[in-house]
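Chemist: Mind having a look at this structure? Questions to follow.
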Amino acid sequence: MDIRAVFAENLKKHRKAAGLSQEELANISDIERAYVSLLERRLNSPTIDMLAKLAHAIGIEPFELLLPTRKNRK
C-alpha cells in the first residue's frame, strides 16, 4: 500500500476515534471540509505542515498518520 493510502486510512480512523466529522476537523484545522474529503479519498496529498496541523487537531502525533497498520500494510 502506498503512503497516500496509509495516510488516508489513518486520517479517517483517527478522526472517527476522536469523534469528529469531516466538517468539525476542517473547522478546527481552518481548512475546507472538501479538502479533508479529498485527503480521505486519496485524491490529494497533504504537505508536511498540513499533516502536523491535522494530527494536532485530532489530538495525536503526526507520525501516527503515517504508520502502516496490519490492515494497510503491504
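Lettering and numbering for the C-alpha cells are positional, with chains as A, B, ... in the shown order, residues counted from 1 in each chain, and ligands counted from 1 in the shown order.
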Among chain A, which ones does DSSP assign to alpha helix (DSSP H) (computed from the backbone)? Answer as JSON, numbers by chain.

Modeler: {"A": [3, 4, 5, 6, 7, 8, 9, 10, 11, 12, 13, 14, 15, 16, 17, 22, 23, 24, 25, 26, 27, 28, 29, 33, 34, 35, 36, 37, 38, 39, 40, 48, 49, 50, 51, 52, 53, 54, 55, 56, 57, 58]}

Chemist: Go ahead and write the residues just picked, C-alpha atoms, as a compact mmCIF listing (two decimals), in the first residue's frame.

Modeler:
```txt
# COMPACT_ATOMS: atom_id res chain seq x y z
CA ILE A 3 1.91 6.16 1.73
CA ARG A 4 -1.07 8.19 0.49
CA ALA A 5 -3.37 5.23 1.15
CA VAL A 6 -1.84 4.67 4.60
CA PHE A 7 -2.31 8.36 5.44
CA ALA A 8 -5.90 8.41 4.13
CA GLU A 9 -6.95 5.36 6.14
CA ASN A 10 -5.23 6.58 9.29
CA LEU A 11 -6.71 10.07 8.99
CA LYS A 12 -10.22 8.67 8.73
CA LYS A 13 -9.66 6.13 11.54
CA HIS A 14 -8.20 8.68 13.97
CA ARG A 15 -10.76 11.35 13.04
CA LYS A 16 -13.62 8.97 13.80
CA ALA A 17 -11.93 7.74 17.00
CA GLN A 22 -15.02 15.88 8.42
CA GLU A 23 -16.61 19.29 8.89
CA GLU A 24 -15.56 19.51 12.55
CA LEU A 25 -11.99 18.52 11.70
CA ALA A 26 -11.92 21.08 8.91
CA ASN A 27 -13.18 23.82 11.24
CA ILE A 28 -10.61 23.01 13.92
CA SER A 29 -7.84 22.86 11.30
CA ARG A 33 -14.24 20.24 4.50
CA ALA A 34 -13.86 19.26 0.87
CA TYR A 35 -10.09 19.11 1.35
CA VAL A 36 -10.49 16.65 4.23
CA SER A 37 -12.69 14.56 1.94
CA LEU A 38 -10.07 14.65 -0.84
CA LEU A 39 -7.41 13.50 1.61
CA GLU A 40 -9.53 10.65 2.96
CA ILE A 48 4.10 18.09 5.97
CA ASP A 49 2.73 21.22 7.66
CA MET A 50 -0.86 20.16 6.91
CA LEU A 51 -0.15 16.68 8.25
CA ALA A 52 1.02 18.24 11.52
CA LYS A 53 -2.00 20.57 11.64
CA LEU A 54 -4.46 17.70 11.15
CA ALA A 55 -2.73 15.50 13.72
CA HIS A 56 -2.77 18.31 16.28
CA ALA A 57 -6.49 18.91 15.63
CA ILE A 58 -7.22 15.21 16.19
```

Chemist: Please determine, counting only C-alpha atoms, which residue among A:Pro68, A:Glu61, A:Ile31, A:Leu20 has the shortest atom-to-atom distance to A:Pro46.

Modeler: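 Result for the nearest residue to A:Pro46: A:Ile31.
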
Chemist: Provide the atom CA of A:Glu32 to atom CA of A:Thr69 distance in Å, to one decimal place.

Modeler: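 About the pair atom CA of A:Glu32 and atom CA of A:Thr69: they are 27.4 Å apart.
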